[in-house]
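Trainee: Below you will find the structure I want to go over with you.
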Amino acid sequence: MKEFSRIAIFLTVLLGACPIMAQQADFDRANELLTDSRYRDALELYKELEKEGHESGALWLNMGISYSQLDSLGMSKYYFLRALEYPETKYRAEEALDYVNNRFSYQSAVLPQLPWNRIMESLRHSPGVTNLAYLSLFFLYLGTLIMIFSWFRKRRSKVLTYGKIVSYLLAFLILSLAALIHYQDSRYGTGVVITRQGQVFQNPDESSAAVSTAHEGYLLRVDYKESSEQEEWLSIRLENGMYGWIREHNVKDF
């Protein structure tokens, strides 16, 4: 019976590993095609891996390289931005983005980020929402320990009282900050214009006034909450600060 159990466990592990091994084999084959300059064939395999839910910095980076060689610069920029989120591919993705950005015929005017937005962006990447939540729990527990410790003292201490208040206050502020960043991450996304150009309208209606023209490679901030109310349209903010609506097929977002 024990031997049968061992065999069953071995088969379960083996079957679970098969899809991973198959994905790795497809990825290696795609890399070989990329090395042989067969970019379109490599891209087909990379797309299959993407459809299967495989995600990695190397996959996004190689897809970006493939698209750049096929002169699909908007798609290339999208995948290089995805690769930028992974430490192992961040440096190469930054170099690739510089190369791709210099190849676009049109460059978007960019408003400088407000100090608050810079702080939020910095906290989003490091320490991140999860670590901020853990930090708030640390101060919450610290305040509770100080309160419990003060119960066993005969005389009240102002230092302990202030320490408890400060700990609880920091826990609340940090948790509120983490919740705000999480809300922004769930409501807003980053979009890249992948067609040669897309018209931005004042309303989700092509008969409304045109606000601007978004060219290939333009970065957009996508408002998912607003966009969910309209089919085939995205509510966006351009890098120059202008707001409007653009047809969904013009943009790839994450």
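Ligands are numbered from 1 in the order shown, residues from 1 within each chain, and chains are lettered A, B, ... in the order they appear in the structure tokens.
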Run DSSP on the backbone and grab whatever in stretch 157-238 of chain A lands in alpha helix (DSSP H); send it over as a ChimeraX atom specification.

Mentor: /A:158-187,224-227

Trainee: Can you spit out the residues from that selection as a compact mmCIF listing (two decimals), in the first residue's frame, using N, CA and C atoms?

Mentor:
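The file below, part31.txt, is the result:
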```
# COMPACT_ATOMS: atom_id res chain seq x y z
N LYS A 158 4.06 59.13 30.33
CA LYS A 158 3.72 59.91 29.14
C LYS A 158 4.42 59.35 27.90
N VAL A 159 5.63 58.82 28.10
CA VAL A 159 6.37 58.26 26.97
C VAL A 159 5.62 57.07 26.38
N LEU A 160 5.11 56.20 27.24
CA LEU A 160 4.36 55.05 26.75
C LEU A 160 3.04 55.48 26.09
N THR A 161 2.40 56.47 26.69
CA THR A 161 1.14 56.97 26.11
C THR A 161 1.36 57.55 24.73
N TYR A 162 2.39 58.41 24.61
CA TYR A 162 2.69 59.01 23.31
C TYR A 162 3.16 57.94 22.30
N GLY A 163 3.95 56.97 22.80
CA GLY A 163 4.40 55.90 21.91
C GLY A 163 3.26 55.09 21.35
N LYS A 164 2.26 54.80 22.22
CA LYS A 164 1.08 54.06 21.77
C LYS A 164 0.30 54.85 20.72
N ILE A 165 0.10 56.14 20.98
CA ILE A 165 -0.66 56.98 20.05
C ILE A 165 0.05 57.08 18.71
N VAL A 166 1.38 57.32 18.76
CA VAL A 166 2.15 57.46 17.52
C VAL A 166 2.13 56.16 16.72
N SER A 167 2.25 55.02 17.42
CA SER A 167 2.24 53.72 16.73
C SER A 167 0.91 53.48 16.02
N TYR A 168 -0.19 53.74 16.73
CA TYR A 168 -1.51 53.56 16.12
C TYR A 168 -1.72 54.53 14.96
N LEU A 169 -1.22 55.75 15.13
CA LEU A 169 -1.39 56.75 14.07
C LEU A 169 -0.60 56.35 12.82
N LEU A 170 0.64 55.88 13.03
CA LEU A 170 1.45 55.44 11.88
C LEU A 170 0.82 54.23 11.20
N ALA A 171 0.28 53.30 12.01
CA ALA A 171 -0.39 52.13 11.44
C ALA A 171 -1.56 52.55 10.55
N PHE A 172 -2.35 53.51 11.02
CA PHE A 172 -3.50 53.98 10.25
C PHE A 172 -3.07 54.69 8.97
N LEU A 173 -2.07 55.57 9.08
CA LEU A 173 -1.63 56.34 7.91
C LEU A 173 -1.01 55.43 6.84
N ILE A 174 -0.17 54.49 7.27
CA ILE A 174 0.49 53.59 6.31
C ILE A 174 -0.52 52.67 5.65
N LEU A 175 -1.49 52.16 6.44
CA LEU A 175 -2.52 51.30 5.87
C LEU A 175 -3.40 52.07 4.89
N SER A 176 -3.70 53.33 5.22
CA SER A 176 -4.49 54.17 4.31
C SER A 176 -3.75 54.41 3.01
N LEU A 177 -2.43 54.62 3.12
CA LEU A 177 -1.60 54.83 1.93
C LEU A 177 -1.57 53.57 1.06
N ALA A 178 -1.43 52.41 1.70
CA ALA A 178 -1.43 51.15 0.96
C ALA A 178 -2.77 50.92 0.26
N ALA A 179 -3.87 51.26 0.96
CA ALA A 179 -5.20 51.10 0.37
C ALA A 179 -5.39 52.03 -0.82
N LEU A 180 -4.85 53.25 -0.71
CA LEU A 180 -4.96 54.21 -1.81
C LEU A 180 -4.19 53.75 -3.03
N ILE A 181 -2.98 53.24 -2.81
CA ILE A 181 -2.17 52.73 -3.93
C ILE A 181 -2.86 51.54 -4.59
N HIS A 182 -3.42 50.65 -3.75
CA HIS A 182 -4.13 49.47 -4.28
C HIS A 182 -5.35 49.91 -5.10
N TYR A 183 -6.06 50.92 -4.62
CA TYR A 183 -7.22 51.42 -5.35
C TYR A 183 -6.80 51.99 -6.71
N GLN A 184 -5.73 52.75 -6.72
CA GLN A 184 -5.25 53.33 -7.97
C GLN A 184 -4.80 52.24 -8.94
N ASP A 185 -4.13 51.21 -8.42
CA ASP A 185 -3.67 50.12 -9.28
C ASP A 185 -4.84 49.36 -9.90
N SER A 186 -5.93 49.21 -9.13
CA SER A 186 -7.09 48.47 -9.64
C SER A 186 -7.93 49.33 -10.58
N ARG A 187 -7.90 50.65 -10.40
CA ARG A 187 -8.73 51.51 -11.25
C ARG A 187 -8.01 51.96 -12.50
N TYR A 224 -10.09 52.38 -15.89
CA TYR A 224 -10.91 51.18 -16.10
C TYR A 224 -12.34 51.36 -15.61
N LYS A 225 -12.52 52.15 -14.56
CA LYS A 225 -13.87 52.35 -14.02
C LYS A 225 -14.75 53.06 -15.04
N GLU A 226 -14.23 54.14 -15.62
CA GLU A 226 -14.98 54.87 -16.64
C GLU A 226 -15.15 54.04 -17.90
N SER A 227 -14.10 53.33 -18.27
CA SER A 227 -14.11 52.55 -19.52
C SER A 227 -15.10 51.40 -19.46
```

Trainee: What are the closest atom pairs, with distances in Å to one decimal, for each residue of stretch 171-233 of chain A lying within 12 Å of stretch 99-112 of chain A, using only C-alpha atoms, rows by chain and rising residue number, as a tab-separated table?

Mentor:
```
residue	atom	partner	partner_atom	distance
A:Val192	CA	A:Ser108	CA	11.9
A:Val193	CA	A:Ser108	CA	11.4
A:Ile194	CA	A:Phe104	CA	11.5
A:Thr195	CA	A:Phe104	CA	11.9
A:Arg196	CA	A:Ser105	CA	9.8
A:Gln197	CA	A:Tyr106	CA	9.9
A:Ser212	CA	A:Ser108	CA	11.0
A:Thr213	CA	A:Ser108	CA	10.0
A:Ala214	CA	A:Ser108	CA	8.2
A:His215	CA	A:Tyr106	CA	6.6
A:Glu216	CA	A:Phe104	CA	7.3
A:Gly217	CA	A:Phe104	CA	7.0
A:Tyr218	CA	A:Ser108	CA	6.3
A:Leu219	CA	A:Ser108	CA	8.2
A:Leu220	CA	A:Ser108	CA	10.4
```

Trainee: What's around A:Glu206 at 10 Å? Count only C-alpha atoms, leave out sequence neighbours fewer than 4 positions away in its own chain, and write the answer as number ranges by chain.

Mentor: A: 199-202, 210, 245-247

Trainee: Given only C-alpha atoms as the basis, pick out the residue of A:Gly241, A:Pro87, A:Pro127, A:Pro115 nearest to A:Arg221.

Mentor: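 Between A:Gly241, A:Pro87, A:Pro127, A:Pro115, the residue approaching A:Arg221 most closely is A:Gly241.
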
Trainee: Determine which residues of stretch 36-254 of chain A DSSP labels as strand (DSSP E) from the backbone of this structure, then write them out as a ChimeraX atom specification.

Mentor: /A:188-193,197-201,210-215,219-223,233-238,243-247,251-253

Trainee: Take the residues from that selection and put them in a file with N, CA and C atoms, as a compact mmCIF listing (two decimals), in the first residue's frame.

Mentor:
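Produced file again-v2.txt, reproduced below:
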```
# COMPACT_ATOMS: atom_id res chain seq x y z
N TYR A 188 -6.70 52.23 -12.39
CA TYR A 188 -5.96 52.78 -13.52
C TYR A 188 -4.93 51.80 -14.05
N GLY A 189 -4.68 51.88 -15.34
CA GLY A 189 -3.66 51.06 -15.97
C GLY A 189 -2.86 51.90 -16.96
N THR A 190 -1.82 51.29 -17.50
CA THR A 190 -0.98 51.95 -18.50
C THR A 190 -1.32 51.40 -19.88
N GLY A 191 -1.49 52.28 -20.83
CA GLY A 191 -1.79 51.87 -22.20
C GLY A 191 -0.75 52.41 -23.17
N VAL A 192 -0.55 51.68 -24.25
CA VAL A 192 0.36 52.10 -25.32
C VAL A 192 -0.41 52.07 -26.63
N VAL A 193 -0.31 53.14 -27.38
CA VAL A 193 -0.96 53.18 -28.69
C VAL A 193 -0.18 52.27 -29.64
N GLN A 197 -1.97 55.69 -35.63
CA GLN A 197 -2.53 56.81 -34.89
C GLN A 197 -3.97 56.51 -34.53
N GLY A 198 -4.43 57.13 -33.45
CA GLY A 198 -5.80 56.97 -33.02
C GLY A 198 -6.36 58.31 -32.60
N GLN A 199 -7.56 58.58 -33.03
CA GLN A 199 -8.18 59.86 -32.69
C GLN A 199 -8.75 59.81 -31.27
N VAL A 200 -8.49 60.86 -30.51
CA VAL A 200 -9.01 60.98 -29.15
C VAL A 200 -10.18 61.95 -29.19
N PHE A 201 -11.34 61.48 -28.70
CA PHE A 201 -12.55 62.29 -28.74
C PHE A 201 -12.96 62.75 -27.35
N ALA A 210 -13.06 66.22 -31.59
CA ALA A 210 -11.76 65.57 -31.47
C ALA A 210 -10.88 66.39 -30.52
N VAL A 211 -10.32 65.70 -29.54
CA VAL A 211 -9.47 66.38 -28.56
C VAL A 211 -8.02 66.41 -29.01
N SER A 212 -7.54 65.28 -29.55
CA SER A 212 -6.15 65.18 -29.94
C SER A 212 -5.97 63.94 -30.81
N THR A 213 -4.77 63.78 -31.33
CA THR A 213 -4.40 62.57 -32.07
C THR A 213 -3.29 61.87 -31.32
N ALA A 214 -3.51 60.60 -30.98
CA ALA A 214 -2.50 59.80 -30.28
C ALA A 214 -1.78 58.94 -31.29
N HIS A 215 -0.49 59.14 -31.42
CA HIS A 215 0.31 58.41 -32.40
C HIS A 215 0.91 57.15 -31.77
N LEU A 219 2.10 56.96 -24.61
CA LEU A 219 1.69 56.36 -23.35
C LEU A 219 0.40 57.01 -22.85
N LEU A 220 -0.49 56.19 -22.33
CA LEU A 220 -1.78 56.67 -21.84
C LEU A 220 -2.04 56.12 -20.45
N ARG A 221 -2.81 56.87 -19.67
CA ARG A 221 -3.32 56.31 -18.42
C ARG A 221 -4.77 55.95 -18.66
N VAL A 222 -5.10 54.68 -18.46
CA VAL A 222 -6.43 54.17 -18.75
C VAL A 222 -7.24 54.12 -17.46
N ASP A 223 -8.44 54.69 -17.51
CA ASP A 223 -9.36 54.65 -16.37
C ASP A 223 -10.33 53.50 -16.59
N TRP A 233 -14.55 51.31 -26.11
CA TRP A 233 -13.95 52.61 -25.86
C TRP A 233 -13.14 52.57 -24.57
N LEU A 234 -12.08 53.40 -24.52
CA LEU A 234 -11.28 53.54 -23.31
C LEU A 234 -11.22 55.01 -22.91
N SER A 235 -11.45 55.24 -21.63
CA SER A 235 -11.29 56.59 -21.08
C SER A 235 -9.82 56.75 -20.71
N ILE A 236 -9.16 57.75 -21.31
CA ILE A 236 -7.71 57.85 -21.15
C ILE A 236 -7.27 59.27 -20.81
N ARG A 237 -6.04 59.34 -20.30
CA ARG A 237 -5.37 60.62 -20.06
C ARG A 237 -4.04 60.57 -20.80
N LEU A 238 -3.80 61.55 -21.66
CA LEU A 238 -2.55 61.62 -22.40
C LEU A 238 -1.44 62.16 -21.52
N TYR A 243 -7.52 64.84 -21.43
CA TYR A 243 -8.39 63.68 -21.21
C TYR A 243 -9.28 63.45 -22.44
N GLY A 244 -9.70 62.22 -22.63
CA GLY A 244 -10.61 61.93 -23.73
C GLY A 244 -10.91 60.45 -23.84
N TRP A 245 -11.48 60.09 -24.98
CA TRP A 245 -11.85 58.69 -25.24
C TRP A 245 -11.22 58.24 -26.56
N ILE A 246 -10.77 56.99 -26.58
CA ILE A 246 -10.14 56.43 -27.77
C ILE A 246 -10.68 55.03 -28.01
N ARG A 247 -10.74 54.64 -29.27
CA ARG A 247 -11.19 53.30 -29.59
C ARG A 247 -10.25 52.26 -28.99
N VAL A 251 -5.27 50.57 -28.65
CA VAL A 251 -4.46 50.58 -27.42
C VAL A 251 -4.27 49.16 -26.88
N LYS A 252 -3.08 48.89 -26.35
CA LYS A 252 -2.83 47.67 -25.58
C LYS A 252 -2.42 48.13 -24.18
N ASP A 253 -3.12 47.61 -23.18
CA ASP A 253 -2.93 48.13 -21.82
C ASP A 253 -2.62 47.01 -20.83
```

Trainee: For A:Glu95, please output as a ChimeraX atom specification all residues within 12 Å (counting only C-alpha atoms; exclusion window: fewer than 3 positions along the same chain).

Mentor: /A:61,64-65,77,80-81,83-84,89-92,98-102

Trainee: May I have the selected residues written with N, CA and C atoms, as an mmCIF file, in the first residue's frame?

Mentor:
```cif
data_model
loop_
_atom_site.group_PDB
_atom_site.id
_atom_site.type_symbol
_atom_site.label_atom_id
_atom_site.label_comp_id
_atom_site.auth_asym_id
_atom_site.auth_seq_id
_atom_site.Cartn_x
_atom_site.Cartn_y
_atom_site.Cartn_z
ATOM 1 N N LEU A 61 10.487 40.505 -22.811
ATOM 2 C CA LEU A 61 11.629 41.125 -23.486
ATOM 3 C C LEU A 61 11.805 40.563 -24.893
ATOM 4 N N GLY A 64 9.144 41.754 -27.187
ATOM 5 C CA GLY A 64 9.430 43.132 -27.586
ATOM 6 C C GLY A 64 10.476 43.207 -28.678
ATOM 7 N N ILE A 65 11.519 42.383 -28.558
ATOM 8 C CA ILE A 65 12.568 42.342 -29.580
ATOM 9 C C ILE A 65 11.991 41.874 -30.911
ATOM 10 N N LYS A 77 7.064 48.410 -27.689
ATOM 11 C CA LYS A 77 7.150 49.250 -26.495
ATOM 12 C C LYS A 77 6.308 48.677 -25.366
ATOM 13 N N PHE A 80 8.239 45.776 -23.816
ATOM 14 C CA PHE A 80 9.418 46.245 -23.086
ATOM 15 C C PHE A 80 9.009 46.880 -21.752
ATOM 16 N N LEU A 81 7.874 47.562 -21.744
ATOM 17 C CA LEU A 81 7.365 48.119 -20.489
ATOM 18 C C LEU A 81 7.004 47.011 -19.505
ATOM 19 N N ALA A 83 8.452 44.047 -19.448
ATOM 20 C CA ALA A 83 9.727 43.468 -19.014
ATOM 21 C C ALA A 83 10.411 44.355 -17.977
ATOM 22 N N LEU A 84 10.083 45.640 -18.004
ATOM 23 C CA LEU A 84 10.672 46.594 -17.068
ATOM 24 C C LEU A 84 10.291 46.290 -15.619
ATOM 25 N N THR A 89 15.265 41.582 -15.947
ATOM 26 C CA THR A 89 15.267 42.126 -17.319
ATOM 27 C C THR A 89 15.138 43.654 -17.340
ATOM 28 N N LYS A 90 15.135 44.282 -16.178
ATOM 29 C CA LYS A 90 14.905 45.729 -16.105
ATOM 30 C C LYS A 90 15.951 46.523 -16.879
ATOM 31 N N TYR A 91 17.224 46.204 -16.700
ATOM 32 C CA TYR A 91 18.294 46.970 -17.345
ATOM 33 C C TYR A 91 18.209 46.872 -18.869
ATOM 34 N N ARG A 92 18.042 45.651 -19.380
ATOM 35 C CA ARG A 92 17.961 45.464 -20.830
ATOM 36 C C ARG A 92 16.684 46.094 -21.390
ATOM 37 N N ASP A 98 14.715 52.877 -24.780
ATOM 38 C CA ASP A 98 15.392 54.058 -25.331
ATOM 39 C C ASP A 98 15.547 53.923 -26.839
ATOM 40 N N TYR A 99 15.927 52.722 -27.279
ATOM 41 C CA TYR A 99 16.102 52.472 -28.713
ATOM 42 C C TYR A 99 14.779 52.625 -29.462
ATOM 43 N N VAL A 100 13.715 52.018 -28.934
ATOM 44 C CA VAL A 100 12.414 52.065 -29.599
ATOM 45 C C VAL A 100 11.842 53.488 -29.607
ATOM 46 N N ASN A 101 11.951 54.180 -28.488
ATOM 47 C CA ASN A 101 11.404 55.538 -28.406
ATOM 48 C C ASN A 101 12.042 56.477 -29.420
ATOM 49 N N ASN A 102 13.312 56.261 -29.731
ATOM 50 C CA ASN A 102 14.000 57.100 -30.713
ATOM 51 C C ASN A 102 13.573 56.807 -32.147
#
```

Trainee: Just to confirm, what's the straight-line distance from atom CA of A:Asp41 to atom CA of A:Asn62 in Å (one decimal)?

Mentor: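 Here the two named atoms are 12.5 Å from each other.
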